[in-house]
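Trainee: What follows is structure-v7.cif, mmCIF, C-alpha atoms.
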data_protein
#
loop_
_atom_site.label_atom_id
_atom_site.label_comp_id
_atom_site.auth_asym_id
_atom_site.auth_seq_id
_atom_site.Cartn_x
_atom_site.Cartn_y
_atom_site.Cartn_z
CA MET A 1 -12.28 -15.59 22.62
CA SER A 2 -12.71 -15.08 26.35
CA ALA A 3 -16.24 -14.79 27.66
CA ALA A 4 -18.06 -11.47 27.52
CA LEU A 5 -18.35 -9.39 30.64
CA PRO A 6 -21.15 -10.25 33.07
CA ALA A 7 -24.44 -8.61 32.14
CA GLY A 8 -24.71 -5.08 33.50
CA ARG A 9 -21.07 -4.68 34.47
CA LYS A 10 -19.21 -1.73 33.02
CA ALA A 11 -16.16 -2.35 30.84
CA ARG A 12 -13.10 -1.27 32.82
CA ILE A 13 -10.85 0.46 30.30
CA GLY A 14 -7.43 2.06 30.62
CA ALA A 15 -5.51 4.14 28.09
CA ILE A 16 -1.85 4.22 27.11
CA GLY A 17 -1.27 7.47 25.26
CA ALA A 18 -3.05 10.77 25.90
CA GLY A 19 -2.20 12.92 22.91
CA TRP A 20 -4.07 14.59 20.09
CA TRP A 21 -5.94 11.62 18.59
CA ALA A 22 -6.83 10.01 21.91
CA THR A 23 -8.22 13.22 23.39
CA SER A 24 -9.97 14.45 20.24
CA ASN A 25 -11.57 11.15 19.18
CA HIS A 26 -11.40 8.14 21.50
CA PHE A 27 -11.71 9.58 24.99
CA PRO A 28 -14.87 11.64 24.32
CA ILE A 29 -16.56 8.52 22.93
CA TYR A 30 -15.71 6.40 25.96
CA ALA A 31 -16.48 9.13 28.48
CA ALA A 32 -19.99 9.54 27.03
CA ARG A 33 -20.89 5.86 27.47
CA ASP A 34 -22.65 4.63 30.59
CA ASP A 35 -21.26 1.10 30.13
CA VAL A 36 -17.59 2.16 30.43
CA GLU A 37 -15.48 2.95 33.48
CA LEU A 38 -12.32 4.86 32.57
CA VAL A 39 -9.97 3.40 35.16
CA GLY A 40 -6.67 5.10 34.38
CA VAL A 41 -4.64 6.92 31.77
CA CYS A 42 -0.92 6.64 31.07
CA GLY A 43 0.95 9.41 29.31
CA GLN A 44 3.65 12.02 29.62
CA GLY A 45 3.82 15.75 30.12
CA PRO A 46 2.23 18.44 32.27
CA THR A 47 -1.25 18.09 30.71
CA LEU A 48 -1.77 14.50 31.87
CA GLY A 49 -3.62 15.54 35.02
CA ALA A 50 -5.93 17.76 33.00
CA VAL A 51 -6.72 14.86 30.65
CA ARG A 52 -7.51 12.66 33.65
CA ASP A 53 -9.91 15.24 35.05
CA GLU A 54 -11.57 16.18 31.75
CA PHE A 55 -12.54 12.64 30.83
CA GLY A 56 -13.07 11.19 34.30
CA PHE A 57 -10.21 8.69 34.54
CA GLY A 58 -9.70 7.28 38.01
CA PHE A 59 -5.97 7.96 38.03
CA ALA A 60 -3.08 9.10 35.85
CA THR A 61 0.40 7.61 35.64
CA GLU A 62 3.55 7.72 33.53
CA ASP A 63 4.18 3.99 34.14
CA TYR A 64 2.20 1.78 31.76
CA ASP A 65 2.86 -1.33 33.84
CA GLU A 66 1.07 0.38 36.73
CA LEU A 67 -1.87 1.00 34.43
CA LEU A 68 -1.94 -2.55 33.07
CA ASP A 69 -1.97 -3.93 36.62
CA ALA A 70 -5.09 -1.94 37.55
CA ASP A 71 -7.73 -4.70 37.12
CA LEU A 72 -8.71 -3.72 33.58
CA ASP A 73 -10.82 -5.48 30.98
CA GLY A 74 -9.29 -3.63 28.04
CA VAL A 75 -6.76 -1.02 27.10
CA VAL A 76 -6.72 1.66 24.37
CA ILE A 77 -3.27 2.29 22.89
CA THR A 78 -2.54 5.54 21.04
CA THR A 79 1.22 5.86 21.51
CA PRO A 80 3.63 6.61 18.62
CA HIS A 81 3.72 4.04 15.82
CA ASP A 82 6.95 2.36 16.89
CA LEU A 83 5.60 1.67 20.41
CA HIS A 84 2.20 0.18 19.50
CA VAL A 85 3.18 -3.47 19.42
CA GLU A 86 5.28 -3.34 22.62
CA HIS A 87 2.35 -1.94 24.59
CA ALA A 88 -0.19 -4.23 22.93
CA LEU A 89 1.82 -7.39 23.65
CA ARG A 90 2.29 -6.42 27.29
CA ALA A 91 -1.48 -5.94 27.60
CA ILE A 92 -2.30 -9.23 25.85
CA ASP A 93 0.11 -11.11 28.10
CA ARG A 94 -2.03 -9.91 31.02
CA GLY A 95 -5.15 -11.25 29.32
CA LEU A 96 -6.49 -7.82 28.36
CA HIS A 97 -8.48 -6.93 25.27
CA VAL A 98 -6.75 -4.31 23.13
CA GLN A 99 -7.73 -1.44 20.89
CA VAL A 100 -4.44 -0.40 19.30
CA GLU A 101 -3.83 2.32 16.75
CA LYS A 102 -2.68 1.72 13.24
CA PRO A 103 -0.17 0.65 12.11
CA VAL A 104 0.00 -1.94 14.87
CA SER A 105 3.69 -2.44 14.12
CA LEU A 106 6.41 -1.35 11.72
CA ASP A 107 7.58 -4.87 10.86
CA ALA A 108 5.80 -8.03 9.75
CA ALA A 109 7.25 -10.40 12.33
CA SER A 110 5.96 -8.49 15.36
CA ALA A 111 2.57 -7.91 13.72
CA TRP A 112 2.11 -11.65 13.28
CA GLU A 113 3.38 -12.18 16.84
CA LEU A 114 0.50 -9.96 17.95
CA VAL A 115 -1.87 -12.24 16.07
CA ARG A 116 -0.37 -15.40 17.53
CA ARG A 117 -0.35 -14.25 21.14
CA SER A 118 -3.78 -12.63 21.10
CA GLU A 119 -5.35 -15.74 19.58
CA ALA A 120 -3.58 -17.96 22.11
CA ALA A 121 -4.81 -15.72 24.93
CA GLY A 122 -8.35 -15.48 23.53
CA THR A 123 -8.34 -11.69 23.64
CA HIS A 124 -9.91 -9.24 21.21
CA VAL A 125 -7.63 -6.97 19.19
CA LEU A 126 -9.40 -4.17 17.35
CA VAL A 127 -7.51 -1.67 15.20
CA PRO A 128 -9.64 1.47 14.68
CA TYR A 129 -9.80 1.67 10.88
CA GLY A 130 -12.82 3.93 10.43
CA TRP A 131 -13.67 3.03 6.83
CA ASN A 132 -13.90 -0.67 7.71
CA TYR A 133 -17.01 0.11 9.78
CA LYS A 134 -18.92 2.27 7.33
CA PRO A 135 -22.35 0.77 6.49
CA PHE A 136 -21.55 0.83 2.77
CA THR A 137 -18.22 -1.00 3.18
CA ILE A 138 -19.84 -3.62 5.40
CA ALA A 139 -22.54 -4.09 2.74
CA ALA A 140 -19.84 -4.42 0.09
CA LYS A 141 -18.02 -7.03 2.19
CA ARG A 142 -21.20 -9.07 2.51
CA LEU A 143 -21.62 -9.09 -1.27
CA VAL A 144 -18.04 -10.33 -1.66
CA ASP A 145 -18.44 -12.90 1.11
CA ALA A 146 -21.59 -14.19 -0.65
CA GLY A 147 -19.40 -15.16 -3.60
CA HIS A 148 -20.80 -12.75 -6.17
CA LEU A 149 -17.31 -11.91 -7.50
CA GLY A 150 -16.25 -15.51 -7.94
CA GLU A 151 -12.49 -15.99 -7.74
CA ILE A 152 -10.64 -12.70 -7.21
CA GLN A 153 -8.14 -12.19 -10.05
CA HIS A 154 -7.02 -8.54 -9.90
CA VAL A 155 -7.35 -5.55 -7.54
CA LEU A 156 -6.71 -1.83 -7.65
CA CYS A 157 -6.12 0.01 -4.34
CA HIS A 158 -5.57 3.78 -4.48
CA MET A 159 -5.50 6.41 -1.74
CA ALA A 160 -4.72 10.13 -1.75
CA SER A 161 -5.00 12.63 1.10
CA PRO A 162 -4.38 16.31 1.90
CA THR A 163 -1.46 15.39 4.19
CA ARG A 164 1.70 16.93 2.73
CA GLY A 165 1.91 19.24 5.74
CA LEU A 166 1.58 16.34 8.17
CA PHE A 167 4.43 14.38 6.63
CA ALA A 168 6.64 17.15 5.28
CA GLY A 169 6.01 20.24 7.40
CA ASN A 170 3.28 21.95 9.39
CA PRO A 171 0.52 19.54 10.49
CA ASP A 172 -2.18 22.26 10.63
CA ASP A 173 -3.79 20.91 7.47
CA ILE A 174 -4.87 17.70 9.18
CA ARG A 175 -5.38 19.16 12.65
CA SER A 176 -8.05 21.52 11.35
CA ARG A 177 -10.20 18.58 10.27
CA TRP A 178 -11.08 17.71 13.87
CA ASP A 179 -12.32 19.88 16.72
CA SER A 180 -9.38 19.55 19.08
CA ASN A 181 -7.86 21.78 21.73
CA THR A 182 -4.72 19.67 21.98
CA ALA A 183 -1.41 20.39 20.32
CA GLY A 184 -2.10 18.31 17.22
CA PRO A 185 -0.10 15.50 15.63
CA GLN A 186 3.51 15.25 16.73
CA ALA A 187 6.08 15.72 13.97
CA SER A 188 8.39 13.25 15.72
CA THR A 189 5.95 10.47 14.87
CA TRP A 190 4.73 11.44 11.42
CA GLN A 191 7.95 12.87 9.92
CA SER A 192 10.52 10.41 11.26
CA PRO A 193 11.41 7.30 9.23
CA GLU A 194 12.57 5.51 12.39
CA ARG A 195 9.26 6.10 14.20
CA GLY A 196 7.04 5.04 11.33
CA GLY A 197 6.44 8.33 9.58
CA GLY A 198 5.49 8.67 5.95
CA TYR A 199 2.53 8.05 3.71
CA ALA A 200 2.65 4.26 3.63
CA HIS A 201 2.61 3.82 7.42
CA GLY A 202 0.32 6.79 7.98
CA GLN A 203 -2.25 6.39 5.19
CA VAL A 204 -1.81 3.29 3.03
CA THR A 205 -2.40 1.44 6.29
CA HIS A 206 -6.05 2.57 5.92
CA SER A 207 -6.60 1.65 2.28
CA SER A 208 -4.78 -1.68 2.50
CA ALA A 209 -6.63 -2.72 5.67
CA LEU A 210 -9.92 -1.95 3.93
CA LEU A 211 -8.82 -4.02 0.93
CA PHE A 212 -7.89 -6.97 3.12
CA CYS A 213 -11.12 -6.70 5.11
CA LEU A 214 -13.21 -6.70 1.92
CA THR A 215 -11.39 -9.49 0.10
CA GLY A 216 -9.59 -11.71 2.60
CA LEU A 217 -6.53 -11.58 0.35
CA ARG A 218 -2.94 -11.77 1.60
CA ALA A 219 0.10 -10.44 -0.27
CA GLU A 220 2.65 -12.95 -1.49
CA SER A 221 5.06 -10.70 -3.42
CA VAL A 222 5.69 -6.93 -3.54
CA ILE A 223 7.58 -4.68 -5.96
CA SER A 224 7.53 -1.05 -4.84
CA LYS A 225 8.88 2.42 -5.45
CA MET A 226 8.56 5.42 -3.12
CA THR A 227 9.49 9.09 -3.45
CA ALA A 228 9.82 11.86 -0.86
CA PRO A 229 10.11 15.24 -2.62
CA GLY A 230 10.85 17.87 0.01
CA ALA A 231 10.35 15.47 2.91
CA ALA A 232 12.30 13.04 5.09
CA VAL A 233 9.61 10.37 4.65
CA ASP A 234 7.71 8.95 1.69
CA LEU A 235 4.95 11.05 0.14
CA PHE A 236 4.21 8.89 -2.91
CA ASN A 237 3.91 5.11 -3.15
CA SER A 238 3.49 2.73 -6.05
CA ALA A 239 3.49 -1.05 -5.91
CA VAL A 240 2.78 -4.14 -7.97
CA LEU A 241 1.42 -6.94 -5.81
CA GLY A 242 1.01 -10.67 -6.11
CA PHE A 243 -1.48 -12.35 -3.78
CA GLU A 244 -1.82 -15.87 -2.47
CA GLY A 245 -4.07 -17.70 -4.90
CA GLY A 246 -2.66 -15.95 -7.96
CA ALA A 247 -4.43 -12.56 -8.05
CA LEU A 248 -2.46 -9.50 -9.09
CA GLY A 249 -2.78 -5.98 -7.73
CA ALA A 250 -1.76 -2.37 -8.23
CA LEU A 251 -1.43 -0.02 -5.26
CA SER A 252 -0.83 3.74 -5.18
CA GLY A 253 -0.67 6.45 -2.53
CA ALA A 254 -0.25 10.22 -2.71
CA ALA A 255 0.00 12.78 0.11
CA THR A 256 -0.63 15.93 -1.90
CA LEU A 257 -4.32 16.68 -2.37
CA PRO A 258 -5.33 20.32 -1.80
CA ASP A 259 -6.23 20.90 1.84
CA GLU A 260 -9.99 21.20 1.30
CA ASP A 261 -10.35 18.19 -0.99
CA PRO A 262 -11.91 14.98 0.35
CA TYR A 263 -9.82 11.90 0.90
CA GLN A 264 -9.67 9.51 -2.03
CA VAL A 265 -9.98 5.79 -1.43
CA ASP A 266 -10.71 3.85 -4.60
CA ILE A 267 -10.78 0.05 -4.47
CA ARG A 268 -11.72 -2.11 -7.44
CA VAL A 269 -11.83 -5.87 -7.30
CA PHE A 270 -12.05 -7.89 -10.49
CA GLY A 271 -13.29 -11.45 -10.14
CA SER A 272 -14.10 -14.37 -12.37
CA GLU A 273 -17.82 -13.56 -12.10
CA GLY A 274 -18.01 -9.80 -11.55
CA VAL A 275 -16.42 -6.51 -10.51
CA LEU A 276 -16.67 -4.53 -7.26
CA MET A 277 -16.09 -0.76 -7.29
CA LEU A 278 -15.82 1.18 -4.01
CA ASP A 279 -15.03 4.89 -4.14
CA THR A 280 -15.26 7.02 -0.98
CA GLU A 281 -14.65 10.36 -2.74
CA ARG A 282 -17.50 9.97 -5.23
CA GLU A 283 -19.46 7.92 -2.70
CA ARG A 284 -20.37 4.92 -4.75
CA VAL A 285 -20.30 1.17 -4.27
CA SER A 286 -21.36 -1.22 -6.99
CA LEU A 287 -20.99 -4.90 -7.75
CA HIS A 288 -21.77 -5.82 -11.33
CA ARG A 289 -21.76 -9.44 -12.43
CA TYR A 290 -21.07 -10.66 -15.94
CA ASP A 291 -24.45 -12.44 -15.94
CA GLY A 292 -26.22 -9.08 -15.68
CA LYS A 293 -27.00 -9.01 -11.96
CA ARG A 294 -26.14 -5.62 -10.43
CA TRP A 295 -25.99 -4.10 -6.98
CA ASP A 296 -25.64 -0.31 -6.74
CA LEU A 297 -25.66 0.69 -3.09
CA GLU A 298 -27.17 3.92 -1.85
CA ILE A 299 -24.77 6.00 0.23
CA GLU A 300 -25.86 9.00 2.28
CA PRO A 301 -24.18 12.19 1.02
CA GLY A 302 -21.06 12.90 3.05
CA ALA A 303 -20.81 9.35 4.38
CA GLY A 304 -17.66 8.62 2.38
CA GLY A 305 -15.55 11.01 4.47
CA TYR A 306 -13.29 9.55 7.11
CA GLU A 307 -14.36 9.42 10.73
CA CYS A 308 -13.57 7.01 13.54
CA LEU A 309 -16.67 6.87 15.73
CA ALA A 310 -17.73 3.27 15.16
CA PRO A 311 -14.49 1.40 16.06
CA PRO A 312 -14.25 2.52 19.71
CA ALA A 313 -17.94 1.74 20.16
CA ARG A 314 -17.44 -1.68 18.60
CA PHE A 315 -14.53 -2.38 20.96
CA VAL A 316 -16.81 -1.89 23.96
CA ASP A 317 -19.55 -3.95 22.34
CA LEU A 318 -17.10 -6.81 21.76
CA LEU A 319 -16.14 -6.74 25.41
CA THR A 320 -19.75 -6.71 26.61
CA GLY A 321 -20.87 -9.31 24.07
CA ARG A 322 -23.37 -7.07 22.26
CA GLU A 323 -21.40 -7.54 19.03
CA THR A 324 -19.24 -10.33 17.66
CA GLU A 325 -18.06 -8.91 14.30
CA ASN A 326 -14.60 -7.35 14.24
CA HIS A 327 -13.85 -5.84 10.82
CA SER A 328 -10.32 -4.77 11.79
CA ASP A 329 -8.87 -7.57 13.85
CA ALA A 330 -5.21 -8.46 14.34
CA ARG A 331 -5.08 -10.55 11.16
CA VAL A 332 -6.36 -7.73 8.96
CA ALA A 333 -3.86 -5.39 10.61
CA ALA A 334 -0.96 -7.83 10.21
CA ARG A 335 -1.64 -8.24 6.48
CA SER A 336 -1.47 -4.45 6.14
CA VAL A 337 1.75 -4.22 8.17
CA GLU A 338 3.54 -6.97 6.24
CA LEU A 339 2.54 -5.35 2.94
CA ILE A 340 3.86 -1.93 3.97
CA ASP A 341 7.00 -3.47 5.49
CA ALA A 342 7.66 -5.23 2.17
CA MET A 343 6.96 -2.01 0.23
CA HIS A 344 9.62 -0.18 2.25
CA ARG A 345 12.13 -3.00 1.83
CA SER A 346 11.49 -3.20 -1.90
CA ALA A 347 11.82 0.56 -2.37
CA ALA A 348 15.06 0.60 -0.35
CA ALA A 349 16.42 -2.10 -2.67
CA GLY A 350 15.60 -0.12 -5.80
CA GLY A 351 12.33 -1.88 -6.54
CA ALA A 352 13.48 -5.44 -5.96
CA GLU A 353 10.80 -8.09 -5.57
CA ILE A 354 10.12 -9.02 -1.94
CA LEU A 355 8.61 -12.45 -1.27
CA LEU A 356 6.53 -12.90 1.87
CA PRO A 357 6.65 -16.15 3.85
CA PRO A 358 3.65 -18.50 3.85
CA LEU A 359 1.17 -17.83 6.62
CA HIS A 360 2.18 -20.82 8.71
CA GLU A 361 5.77 -19.53 8.73
CA ALA A 362 4.67 -15.99 9.58
CA LEU A 363 2.83 -17.37 12.61
CA THR A 364 5.70 -19.58 13.77
CA PRO A 365 6.98 -18.49 17.22
CA SER A 366 10.60 -18.67 16.10
CA ARG A 367 9.96 -15.64 13.85
CA ARG A 368 8.53 -13.55 16.64
CA THR A 369 9.58 -10.19 17.96
CA THR A 370 8.86 -10.03 21.69
CA SER A 371 8.16 -7.08 23.92
#
Any chance you could put this one into structure tokens?

Mentor:
Amino acid sequence: MSAALPAGRKARIGAIGAGWWATSNHFPIYAARDDVELVGVCGQGPTLGAVRDEFGFGFATEDYDELLDADLDGVVITTPHDLHVEHALRAIDRGLHVQVEKPVSLDAASAWELVRRSEAAGTHVLVPYGWNYKPFTIAAKRLVDAGHLGEIQHVLCHMASPTRGLFAGNPDDIRSRWDSNTAGPQASTWQSPERGGGYAHGQVTHSSALLFCLTGLRAESVISKMTAPGAAVDLFNSAVLGFEGGALGALSGAATLPDEDPYQVDIRVFGSEGVLMLDTERERVSLHRYDGKRWDLEIEPGAGGYECLAPPARFVDLLTGRETENHSDARVAARSVELIDAMHRSAAAGGAEILLPPLHEALTPSRRTTS
């Protein structure tokens, strides 16, 4: 990676995208930090000037090349799903560090191109998956990394959310969960198959990225079914997975919890020496070994709920050198993208098995999708 910023210098950050999520989550975090200079914001629409003034950006523009040429250290990308990788690659090619929203791409080839080019450039890529930065998930990852599970042999990855309205109709159900004066999520992003709408792109991206962060696994084969009752995009997902190394997995996703119910993320990892259980809804993490050793982590009540405060802070800390751990880097994101891409292709083919290429082939430039 490129060297950290000189001691005492503020991180010069620009933003591409100035909608609901950027203005309700990311921008307030950056504006409150005394080690960040918000150089410029790129967006569209009559409210762009108001966003510039509210958060203290130096300038506003509708031309993202103008923004990327403004002597930045990093850029925050919160555009619609189908534009993420285009904007991220343009930033990386200028040597900029990138915080880019999930999913980073809608297809596997361009997600791995993001990995290849960012690693060649030595730039940080952080994808703001909030659960990956929870203290209890980091503690769980350290237990796995210490080898207490042995060889991973089987995994369960389930997620359910109160998001039917977001994907099938009125997005008020999700908008009410954050204090935001903006217009809320745009239906054109979340309810359009072409733009990356649907439960897999919108939510399984979270659970799968957490799974890959915890385990280091990578999918090798995918058999999937999806249904979309009353919607233009998928609301329910089911998949049987094969992983490199021989582990099997079962994945499920459902968009139809009652509005006031907490999100469900339930990951269970079965190894040759023990079992990990992580459940955000019931707020428990345990690793129990077959030799009798047990770890049952204490979780503060309410800490299992989703929030995304730590990832933007970590992005700045990576730039300044205060932190070196990135729990949602481009490789974690690419493994999530290629899984979801394969799930969609399998479902479109009636549940046919989709085989993923070996990693060295996925990273080969000839497979790339360029900006």

Trainee: Specify as an MDAnalysis selection string each residue included when the PyMOL selection byres ((chain A and resi 91) around 12) is applied to this file.

Mentor: chainID A and resid 13:16 64:77 84:90 92:100 114 117:118 121 123:125 371

Trainee: Given the point (-11.3, -20.2, 21.5) in the coordinates of this file, which residues lie within 9 Å, counting all atoms listed in the file, and how would they look as a count of residues only?

Mentor: 6

Trainee: What is the distance, in Å and to one decimal place, between CA of Ser272 in chain A and CA of Gly150 in chain A?

Mentor: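 Value for the CA of Ser272 in chain A-CA of Gly150 in chain A distance: 5.1 Å.
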
Trainee: Fewer than 5 positions away in the same chain doesn't count, so skip those; otherwise give me all residues within 10 Å of Ile29 in chain A, counting all atoms listed in the file, as a CSV table (one decimal) with C-alpha atoms, keeping the file's coordinate frame.

Mentor:
chain,number,residue,atom,x,y,z
A,22,ALA,CA,-6.8,10.0,21.9
A,23,THR,CA,-8.2,13.2,23.4
A,24,SER,CA,-10.0,14.4,20.2
A,36,VAL,CA,-17.6,2.2,30.4
A,55,PHE,CA,-12.5,12.6,30.8
A,308,CYS,CA,-13.6,7.0,13.5
A,309,LEU,CA,-16.7,6.9,15.7
A,310,ALA,CA,-17.7,3.3,15.2
A,312,PRO,CA,-14.2,2.5,19.7
A,313,ALA,CA,-17.9,1.7,20.2

Trainee: Of the candidates A:Glu113, A:Glu353, A:Asp296, A:Asp82, which one gets nearest to Ala239 in chain A if we count all atoms listed in the file?

Mentor: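 Among the listed residues, the smallest separation from Ala239 in chain A belongs to A:Glu353.
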
Trainee: Could you name the residues that touch Arg335 in chain A at 8 Å or less, counting all atoms listed in the file, but leaving out those on the same chain fewer than 4 positions away, as number ranges by chain?

Mentor: A: 209, 212, 218-219, 331, 339

Trainee: May I have the residues from that selection written out with C-alpha atoms, as a PDB file, keeping the file's coordinate frame?

Mentor:
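Below is the file part_22.pdb, written as the result:
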ATOM      1  CA  ALA A 209      -6.630  -2.720   5.670  1.00  0.00           C
ATOM      2  CA  PHE A 212      -7.890  -6.970   3.120  1.00  0.00           C
ATOM      3  CA  ARG A 218      -2.940 -11.770   1.600  1.00  0.00           C
ATOM      4  CA  ALA A 219       0.100 -10.440  -0.270  1.00  0.00           C
ATOM      5  CA  ARG A 331      -5.080 -10.550  11.160  1.00  0.00           C
ATOM      6  CA  LEU A 339       2.540  -5.350   2.940  1.00  0.00           C
TER       7      LEU A 339
END

Trainee: Give me the residues within 8 Å of Arg116 in chain A as a list of chain:residue names, counting only C-alpha atoms and dropping any in the same chain fewer than 4 places off.

Mentor: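 Non-adjacent residues within range: A:Trp112, A:Ala120, A:Leu363, A:Pro365.
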
Trainee: Select, from A:Pro229, A:Pro135, A:Gly19, A:Pro80, the residue with the minimum atom-to-atom distance to Val285 in chain A, counting only C-alpha atoms.

Mentor: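 The shortest atom-to-atom distance to Val285 in chain A comes from A:Pro135.
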
Trainee: Could you state the separation of CA of Thr79 in chain A and CA of Val104 in chain A in Å, given to one decimal place?

Mentor: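 One can read the CA of Thr79 in chain A to CA of Val104 in chain A distance as 10.3 Å.
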
Trainee: Evaluating the PyMOL selection byres ((chain A and resi 266) around 10) on the displayed file yields which residues, as a compact mmCIF listing (two decimals) with C-alpha atoms, in the coordinates of the input?

Mentor:
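Contents of result.txt, freshly written:
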# COMPACT_ATOMS: atom_id res chain seq x y z
CA LEU A 156 -6.71 -1.83 -7.65
CA CYS A 157 -6.12 0.01 -4.34
CA HIS A 158 -5.57 3.78 -4.48
CA MET A 159 -5.50 6.41 -1.74
CA ALA A 160 -4.72 10.13 -1.75
CA SER A 207 -6.60 1.65 2.28
CA LEU A 211 -8.82 -4.02 0.93
CA SER A 252 -0.83 3.74 -5.18
CA TYR A 263 -9.82 11.90 0.90
CA GLN A 264 -9.67 9.51 -2.03
CA VAL A 265 -9.98 5.79 -1.43
CA ILE A 267 -10.78 0.05 -4.47
CA ARG A 268 -11.72 -2.11 -7.44
CA MET A 277 -16.09 -0.76 -7.29
CA LEU A 278 -15.82 1.18 -4.01
CA ASP A 279 -15.03 4.89 -4.14
CA THR A 280 -15.26 7.02 -0.98
CA GLU A 281 -14.65 10.36 -2.74
CA ARG A 282 -17.50 9.97 -5.23
CA GLU A 283 -19.46 7.92 -2.70
CA ARG A 284 -20.37 4.92 -4.75
CA VAL A 285 -20.30 1.17 -4.27

Trainee: For Ser192 in chain A, work out the shell of residues within 10 Å, counting all atoms listed in the file and skipping chain neighbours fewer than 4 positions away, then give it as a list in words.

Mentor: Phe167, Ala168, Ala187, Ser188, Gly196, Gly197, Gly198, Ala231, Ala232 and Val233 of chain A

Trainee: I need the residue set behind the PyMOL selection byres ((chain A and resi 347) around 10) for this file; please write it as JSON, numbers by chain.

Mentor: {"A": [222, 223, 224, 225, 226, 227, 237, 238, 239, 342, 343, 344, 345, 346, 348, 349, 350, 351, 352, 353, 354]}

Trainee: Record the distance separating CA of Leu257 in chain A and CA of Gly305 in chain A, expressed in Å with one decimal.

Mentor: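 These two atoms are separated by 14.3 Å.
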
Trainee: Considering all atoms listed in the file, state which residue in the set A:Val127, A:Ala362, A:Leu276, A:Ala334 is at the smallest distance from Asp145 in chain A.

Mentor: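 Answer, going by the shortest atom-to-atom distance: A:Leu276.
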
Trainee: Check the smallest atom-to-atom distance from each of A:Asn25, A:Ser328, A:Thr47, A:Thr256 to Tyr129 in chain A using only C-alpha atoms, then report the winner.

Mentor: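 Checking each of A:Asn25, A:Ser328, A:Thr47, A:Thr256 against Tyr129 in chain A, counting only C-alpha atoms, the winner is A:Ser328.
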
Trainee: A:Gly242, A:His327, A:Glu101, A:His201: which is nearest Trp21 in chain A, counting only C-alpha atoms?

Mentor: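 Result for the nearest residue to Trp21 in chain A: A:Glu101.
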